[in-house]
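Undergrad: What follows is the file work_29.pdb, containing PDB, C-alpha atoms:
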MODEL        1
ATOM      1  CA  MET A   1      31.466  84.388  -1.325
ATOM      2  CA  ILE A   2      30.512  80.824  -2.169
ATOM      3  CA  LEU A   3      32.035  79.419   0.994
ATOM      4  CA  THR A   4      30.154  81.808   3.236
ATOM      5  CA  GLU A   5      26.830  80.992   1.581
ATOM      6  CA  SER A   6      26.899  77.471   3.014
ATOM      7  CA  GLY A   7      27.562  78.900   6.443
ATOM      8  CA  SER A   8      30.560  76.629   6.950
ATOM      9  CA  ILE A   9      32.912  79.601   7.059
ATOM     10  CA  PRO A  10      31.653  82.706   8.835
ATOM     11  CA  ALA A  11      31.940  86.003   6.978
ATOM     12  CA  ILE A  12      34.885  88.111   8.135
ATOM     13  CA  ALA A  13      33.030  91.350   7.563
ATOM     14  CA  GLU A  14      29.496  92.164   6.463
ATOM     15  CA  TYR A  15      30.179  94.501   3.594
ATOM     16  CA  PRO A  16      27.073  96.343   2.396
ATOM     17  CA  GLN A  17      25.897  95.696  -1.153
ATOM     18  CA  SER A  18      26.537  99.340  -2.071
ATOM     19  CA  CYS A  19      30.194  98.887  -1.172
ATOM     20  CA  ILE A  20      30.469  95.757  -3.319
ATOM     21  CA  ASP A  21      28.687  97.480  -6.218
ATOM     22  CA  GLN A  22      30.997 100.465  -5.931
ATOM     23  CA  PHE A  23      33.998  98.202  -6.135
ATOM     24  CA  ASP A  24      32.540  96.294  -9.100
ATOM     25  CA  ASP A  25      32.047  99.588 -10.946
ATOM     26  CA  LEU A  26      35.639 100.461 -10.247
ATOM     27  CA  LEU A  27      36.954  97.042 -11.279
ATOM     28  CA  TYR A  28      34.855  96.280 -14.347
ATOM     29  CA  GLY A  29      34.029  99.858 -15.330
ATOM     30  CA  ASP A  30      35.421 101.958 -18.133
ATOM     31  CA  ILE A  31      39.118 102.374 -18.430
ATOM     32  CA  SER A  32      40.375 105.558 -16.980
ATOM     33  CA  GLY A  33      43.819 106.681 -16.021
ATOM     34  CA  ALA A  34      45.249 106.694 -12.526
ATOM     35  CA  GLY A  35      43.944 110.253 -12.179
ATOM     36  CA  ASN A  36      40.371 108.960 -12.251
ATOM     37  CA  THR A  37      40.969 105.651 -10.491
ATOM     38  CA  MET A  38      42.628 107.208  -7.476
ATOM     39  CA  PRO A  39      39.692 109.394  -6.279
ATOM     40  CA  LYS A  40      37.294 106.481  -6.787
ATOM     41  CA  LEU A  41      39.595 104.226  -4.804
ATOM     42  CA  ILE A  42      39.754 106.782  -1.990
ATOM     43  CA  ASP A  43      35.954 107.102  -1.956
ATOM     44  CA  PHE A  44      35.670 103.340  -1.827
ATOM     45  CA  ASN A  45      38.068 103.134   1.109
ATOM     46  CA  LEU A  46      36.017 105.630   3.103
ATOM     47  CA  GLU A  47      33.285 103.032   3.567
ATOM     48  CA  PRO A  48      32.848 102.663   7.380
ATOM     49  CA  VAL A  49      32.697  98.852   7.375
ATOM     50  CA  LEU A  50      35.851  98.659   5.299
ATOM     51  CA  LYS A  51      37.602 101.178   7.511
ATOM     52  CA  ASP A  52      36.708  99.183  10.634
ATOM     53  CA  ARG A  53      37.949  95.992   9.047
ATOM     54  CA  LYS A  54      41.245  97.615   8.078
ATOM     55  CA  ARG A  55      41.669  99.036  11.564
ATOM     56  CA  GLN A  56      41.023  95.582  13.020
ATOM     57  CA  LYS A  57      43.605  94.058  10.686
ATOM     58  CA  TYR A  58      46.121  96.747  11.592
ATOM     59  CA  ILE A  59      45.665  96.106  15.330
ATOM     60  CA  GLU A  60      45.999  92.348  14.803
ATOM     61  CA  ARG A  61      49.236  92.840  12.881
ATOM     62  CA  GLU A  62      50.695  95.163  15.489
ATOM     63  CA  LEU A  63      49.785  92.776  18.318
ATOM     64  CA  LYS A  64      51.303  89.870  16.415
ATOM     65  CA  GLU A  65      54.585  91.755  16.179
ATOM     66  CA  LEU A  66      54.491  92.184  19.967
ATOM     67  CA  GLY A  67      53.766  88.499  20.433
ATOM     68  CA  LEU A  68      50.256  89.067  21.727
ATOM     69  CA  THR A  69      46.882  87.835  20.560
ATOM     70  CA  SER A  70      44.669  90.478  22.190
ATOM     71  CA  LEU A  71      44.926  93.739  24.101
ATOM     72  CA  LYS A  72      43.652  92.027  27.253
ATOM     73  CA  GLU A  73      46.960  90.223  27.588
ATOM     74  CA  LEU A  74      48.656  93.543  28.371
ATOM     75  CA  ALA A  75      46.756  93.892  31.656
ATOM     76  CA  PRO A  76      45.647  90.426  32.840
ATOM     77  CA  GLU A  77      45.055  91.698  36.398
ATOM     78  CA  LEU A  78      42.228  93.923  35.159
ATOM     79  CA  GLN A  79      40.263  91.003  33.731
TER      80      GLN A  79
ATOM     81  CA  MET B   1      40.985 102.397 -68.364
ATOM     82  CA  TYR B   2      40.094  99.400 -66.191
ATOM     83  CA  ALA B   3      43.208 100.002 -64.128
ATOM     84  CA  ILE B   4      42.136 103.590 -63.481
ATOM     85  CA  LEU B   5      38.626 102.474 -62.515
ATOM     86  CA  GLU B   6      40.007  99.788 -60.198
ATOM     87  CA  ARG B   7      42.320 102.339 -58.672
ATOM     88  CA  ASN B   8      39.361 104.659 -58.097
ATOM     89  CA  ASP B   9      37.382 101.814 -56.488
ATOM     90  CA  ALA B  10      40.316 101.025 -54.210
ATOM     91  CA  ASP B  11      40.622 104.689 -53.265
ATOM     92  CA  ASP B  12      36.887 104.805 -52.482
ATOM     93  CA  GLU B  13      37.188 101.686 -50.344
ATOM     94  CA  GLU B  14      40.118 103.149 -48.433
ATOM     95  CA  GLN B  15      38.158 106.343 -47.958
ATOM     96  CA  ASN B  16      35.160 104.360 -46.660
ATOM     97  CA  VAL B  17      37.343 102.481 -44.183
ATOM     98  CA  ALA B  18      38.910 105.728 -43.027
ATOM     99  CA  ASP B  19      35.454 107.323 -42.623
ATOM    100  CA  LYS B  20      34.208 104.317 -40.665
ATOM    101  CA  ASN B  21      37.227 104.387 -38.354
ATOM    102  CA  LYS B  22      36.755 108.108 -37.820
ATOM    103  CA  LYS B  23      33.075 107.523 -37.002
ATOM    104  CA  ASN B  24      33.935 104.812 -34.448
ATOM    105  CA  PHE B  25      36.571 107.051 -32.949
ATOM    106  CA  ASP B  26      34.105 109.950 -32.701
ATOM    107  CA  GLU B  27      31.546 107.678 -31.025
ATOM    108  CA  LEU B  28      34.120 106.563 -28.484
ATOM    109  CA  THR B  29      35.324 110.076 -27.777
ATOM    110  CA  ALA B  30      31.728 111.199 -27.252
ATOM    111  CA  LYS B  31      31.484 108.979 -24.146
ATOM    112  CA  PRO B  32      32.253 110.648 -20.816
ATOM    113  CA  GLY B  33      35.987 110.375 -20.235
ATOM    114  CA  GLY B  34      36.389 108.590 -23.555
ATOM    115  CA  SER B  35      38.593 111.161 -25.217
ATOM    116  CA  SER B  36      41.277 111.221 -22.575
ATOM    117  CA  ALA B  37      41.115 107.446 -22.251
ATOM    118  CA  ILE B  38      41.715 106.900 -25.967
ATOM    119  CA  LYS B  39      44.499 109.458 -26.108
ATOM    120  CA  SER B  40      46.221 107.806 -23.183
ATOM    121  CA  LEU B  41      45.857 104.402 -24.846
ATOM    122  CA  GLY B  42      48.218 105.463 -27.611
ATOM    123  CA  ILE B  43      46.177 103.817 -30.342
ATOM    124  CA  PHE B  44      47.981 105.784 -33.066
ATOM    125  CA  ASP B  45      51.416 105.018 -31.719
ATOM    126  CA  LYS B  46      53.305 103.049 -34.362
ATOM    127  CA  SER B  47      56.501 102.332 -32.515
ATOM    128  CA  LYS B  48      55.743  98.672 -31.756
ATOM    129  CA  CYS B  49      57.250  95.767 -33.720
ATOM    130  CA  PRO B  50      54.041  94.782 -35.596
ATOM    131  CA  ASP B  51      53.740  98.350 -36.926
ATOM    132  CA  VAL B  52      57.404  98.873 -37.744
ATOM    133  CA  PHE B  53      58.007  95.489 -39.385
ATOM    134  CA  ASN B  54      54.523  95.004 -40.833
ATOM    135  CA  GLU B  55      55.624  95.067 -44.469
ATOM    136  CA  VAL B  56      58.979  93.365 -44.011
ATOM    137  CA  VAL B  57      59.398  90.198 -46.092
ATOM    138  CA  VAL B  58      61.863  87.540 -45.011
ATOM    139  CA  GLU B  59      62.623  84.700 -47.449
ATOM    140  CA  GLY B  60      59.469  85.413 -49.406
ATOM    141  CA  MET B  61      57.227  85.486 -46.345
ATOM    142  CA  ASN B  62      55.769  88.449 -44.511
ATOM    143  CA  MET B  63      56.973  88.799 -40.959
ATOM    144  CA  TYR B  64      53.443  89.555 -39.798
ATOM    145  CA  GLU B  65      50.112  88.381 -41.136
ATOM    146  CA  GLN B  66      48.750  90.925 -43.615
ATOM    147  CA  ARG B  67      45.340  92.223 -42.604
ATOM    148  CA  SER B  68      43.152  95.167 -43.484
ATOM    149  CA  ASP B  69      43.667  98.474 -41.708
ATOM    150  CA  ARG B  70      40.284  98.172 -40.052
ATOM    151  CA  VAL B  71      41.047  94.752 -38.558
ATOM    152  CA  LYS B  72      44.469  95.903 -37.423
ATOM    153  CA  LEU B  73      43.031  99.001 -35.776
ATOM    154  CA  GLN B  74      40.290  96.976 -34.080
ATOM    155  CA  MET B  75      42.841  94.460 -32.831
ATOM    156  CA  LYS B  76      45.071  97.238 -31.568
ATOM    157  CA  PHE B  77      42.161  98.927 -29.830
ATOM    158  CA  ASN B  78      41.118  95.676 -28.121
ATOM    159  CA  THR B  79      44.660  94.938 -27.005
ATOM    160  CA  LEU B  80      45.259  98.432 -25.682
ATOM    161  CA  THR B  81      41.901  98.575 -23.906
ATOM    162  CA  MET B  82      42.585  95.266 -22.218
ATOM    163  CA  ASN B  83      46.083  96.390 -21.342
ATOM    164  CA  ALA B  84      44.734  99.596 -19.798
ATOM    165  CA  GLN B  85      42.279  97.585 -17.697
ATOM    166  CA  LEU B  86      45.086  95.314 -16.606
ATOM    167  CA  GLN B  87      47.261  98.262 -15.640
ATOM    168  CA  LYS B  88      44.406  99.727 -13.626
ATOM    169  CA  ILE B  89      43.927  96.491 -11.698
ATOM    170  CA  LYS B  90      47.667  96.104 -11.133
ATOM    171  CA  PHE B  91      47.761  99.661  -9.819
ATOM    172  CA  MET B  92      44.877  98.928  -7.445
ATOM    173  CA  CYS B  93      46.509  95.727  -6.173
ATOM    174  CA  ASN B  94      49.961  97.252  -5.783
ATOM    175  CA  PHE B  95      48.543 100.224  -3.933
ATOM    176  CA  GLY B  96      47.838  97.836  -1.063
ATOM    177  CA  CYS B  97      44.400  99.124  -0.181
ATOM    178  CA  LEU B  98      42.425  96.030  -1.183
ATOM    179  CA  ILE B  99      41.597  93.428   1.414
ATOM    180  CA  ASP B 100      39.433  90.339   1.792
ATOM    181  CA  ILE B 101      36.967  89.709  -1.027
ATOM    182  CA  PHE B 102      38.013  92.834  -2.938
ATOM    183  CA  PHE B 103      41.592  91.655  -3.253
ATOM    184  CA  LEU B 104      40.410  88.228  -4.418
ATOM    185  CA  LYS B 105      38.065  89.758  -6.985
ATOM    186  CA  ALA B 106      40.797  92.026  -8.333
ATOM    187  CA  THR B 107      43.283  89.154  -8.540
ATOM    188  CA  LEU B 108      40.800  86.918 -10.356
ATOM    189  CA  GLN B 109      40.011  89.685 -12.829
ATOM    190  CA  LYS B 110      43.726  90.263 -13.370
ATOM    191  CA  ILE B 111      44.272  86.572 -14.180
ATOM    192  CA  HIS B 112      41.232  86.589 -16.473
ATOM    193  CA  LEU B 113      42.515  89.589 -18.432
ATOM    194  CA  GLN B 114      46.023  88.186 -18.692
ATOM    195  CA  LYS B 115      44.623  84.950 -20.126
ATOM    196  CA  LYS B 116      42.488  86.870 -22.625
ATOM    197  CA  MET B 117      45.408  88.997 -23.730
ATOM    198  CA  PHE B 118      47.581  85.915 -24.152
ATOM    199  CA  VAL B 119      45.019  84.245 -26.422
ATOM    200  CA  LEU B 120      44.324  87.433 -28.375
ATOM    201  CA  GLU B 121      47.987  88.054 -29.132
ATOM    202  CA  LEU B 122      48.578  84.409 -29.986
ATOM    203  CA  GLU B 123      45.653  84.413 -32.423
ATOM    204  CA  ALA B 124      46.947  87.554 -34.096
ATOM    205  CA  GLY B 125      50.355  85.942 -34.641
ATOM    206  CA  MET B 126      52.149  88.442 -32.462
ATOM    207  CA  GLU B 127      55.003  87.933 -30.055
ATOM    208  CA  VAL B 128      53.654  86.653 -26.755
ATOM    209  CA  TYR B 129      55.303  87.285 -23.452
ATOM    210  CA  ILE B 130      55.281  84.201 -21.238
ATOM    211  CA  PRO B 131      56.121  85.214 -17.690
TER     212      PRO B 131
ENDMDL
END
Using structure tokens, write down the structure that the file contains.
TA:
Amino acid sequence: MILTESGSIPAIAEYPQSCIDQFDDLLYGDISGAGNTMPKLIDFNLEPVLKDRKRQKYIERELKELGLTSLKELAPELQ
Amino acid sequence: MYAILERNDADDEEQNVADKNKKNFDELTAKPGGSSAIKSLGIFDKSKCPDVFNEVVVEGMNMYEQRSDRVKLQMKFNTLTMNAQLQKIKFMCNFGCLIDIFFLKATLQKIHLQKKMFVLELEAGMEVYIP
């Protein structure tokens, strides 16, 4: 957070404040067993920005395993 | 006669402490989700070393520092609450669904709680686990 404020390191994802607040409530909130934490964690993970970011990370990891950096490398003739 | 009066005073004091603890407990259970949380904490579980060996004397010295019931209960409540928070954060981290800033926040909070627990247990003269 501090590093991105100076602008020297660009933010990886622009998470909305509501998403951050939701996570803070979950992290610093009252203690509750796994039965209560789990639904909150699922709700938190349904945030569209977070989902997109996870999808992006998943694609990057899969491409890395194939030795590629982007999907464009699969069909260079189409570029 | 004085002995009987002192005994009565001591009984009253014990009763007051018990009433106060009950009141605190009732206040906590009145919060939403408080009852289940406290039950799951196991605050009345006396199977740990400080409870079992509390009154044991070795070579004229108590194994554990002797404190009032109220202080012991408060200490136990703080420790268990912190431990429950720590378990929650560990669960969240191990679940593998936290990324980026959320993972960092959770990890920092985990370290913070572990430090606090270490100091709390050390201050209370309990056994401290050093990983």
Undergrad: For a test of reading the model, state the distance in Å between atom CA of A:Ile12 and atom CA of B:Ile101, rounded to one decimal.
TA: 9.5 Å
Undergrad: Within 12 Å of (31.7, 98.3, -5.7), all atoms listed in the file: residues as a PyMOL selection string?
TA: (chain A and resi 15-29+40-41+43-45+47+50) or (chain B and resi 98+101-102+105-106)
Undergrad: Please provide as a compact mmCIF listing (two decimals) with C-alpha atoms, in the coordinates of the input all residues within 9 Å of A:Lys54, with the sequence filter that same-chain residues fewer than 4 positions apart are discarded (counting only C-alpha atoms).
TA:
# COMPACT_ATOMS: atom_id res chain seq x y z
CA VAL A 49 32.70 98.85 7.38
CA LEU A 50 35.85 98.66 5.30
CA TYR A 58 46.12 96.75 11.59
CA ILE A 59 45.66 96.11 15.33
CA CYS B 97 44.40 99.12 -0.18
CA ILE B 99 41.60 93.43 1.41
Undergrad: Determine the axis-aligned bounding box of all atoms of stretch 97-102 of chain B present in the file, pad each side by 5 Å, and express its centre and edge lengths in Å to one decimal place as JSON.
TA:
{"center_x": 40.7, "center_y": 94.4, "center_z": -0.6, "size_x": 17.4, "size_y": 19.4, "size_z": 14.7}
Undergrad: For the structure shown, which residues end up in the PyMOL selection byres ((chain B and resi 114-122) around 10)? Put them as a VMD selection string, please?
TA: chain B and resid 75 to 76 78 to 80 82 to 83 86 108 to 113 123 to 130
Undergrad: Store the residues picked out above in a file with C-alpha atoms, as a compact mmCIF listing (two decimals), in the coordinates of the input.
TA:
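Just written: out_33.txt:
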# COMPACT_ATOMS: atom_id res chain seq x y z
CA MET B 75 42.84 94.46 -32.83
CA LYS B 76 45.07 97.24 -31.57
CA ASN B 78 41.12 95.68 -28.12
CA THR B 79 44.66 94.94 -27.00
CA LEU B 80 45.26 98.43 -25.68
CA MET B 82 42.58 95.27 -22.22
CA ASN B 83 46.08 96.39 -21.34
CA LEU B 86 45.09 95.31 -16.61
CA LEU B 108 40.80 86.92 -10.36
CA GLN B 109 40.01 89.68 -12.83
CA LYS B 110 43.73 90.26 -13.37
CA ILE B 111 44.27 86.57 -14.18
CA HIS B 112 41.23 86.59 -16.47
CA LEU B 113 42.52 89.59 -18.43
CA GLU B 123 45.65 84.41 -32.42
CA ALA B 124 46.95 87.55 -34.10
CA GLY B 125 50.36 85.94 -34.64
CA MET B 126 52.15 88.44 -32.46
CA GLU B 127 55.00 87.93 -30.06
CA VAL B 128 53.65 86.65 -26.76
CA TYR B 129 55.30 87.28 -23.45
CA ILE B 130 55.28 84.20 -21.24
Undergrad: Figure out the distance between atom CA of A:Lys51 and atom CA of A:Asn36, please, to one decimal in Å.
TA: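 If I compute the distance from atom CA of A:Asn36 to atom CA of A:Lys51, I get 21.4 Å.
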Undergrad: Report, in Å with one decimal, the straight-line distance from atom CA of B:Gln87 to atom CA of A:Gln56.
TA: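 Between atom CA of B:Gln87 and atom CA of A:Gln56 the gap works out to 29.5 Å.
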Undergrad: Which residue out of A:Leu71, A:Ser6, A:Ala11, A:Ile31 has the minimum interatomic distance to chain B when only C-alpha atoms are used?
TA: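 Of the candidates, the smallest distance to chain B is held by A:Ile31.
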Undergrad: Using the chain letters and numbering of this document, enumerate as a VMD selection string the residues selected by the PyMOL selection byres ((chain B and resi 63-69) around 8).
TA: chain B and resid 17 50 53 to 58 61 to 62 70 to 73 124 to 126
Undergrad: Select, from B:Thr107, B:Thr81, B:Asn94, B:Gln74, the residue with the minimum atom-to-atom distance to chain A, counting only C-alpha atoms.
TA: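 Selected residue with least distance to chain A: B:Thr81.
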Undergrad: My list of candidates is B:Leu104, B:Cys49, B:Ile43, B:Ile89. Which is closest to chain A when distances are computed with all atoms listed in the file?
TA: B:Ile89
Undergrad: With distances taken over only C-alpha atoms, which residue among B:Glu59, B:Asp51, B:Asp45, B:Asp100 lies nearest chain A?
TA: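 The closest residue to chain A is B:Asp100.
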Undergrad: Kindly indicate which residue among A:Leu68, A:Ile9, A:Met38, A:Ala75 lies nearest to chain B, using all atoms listed in the file for the distances.
TA: A:Met38
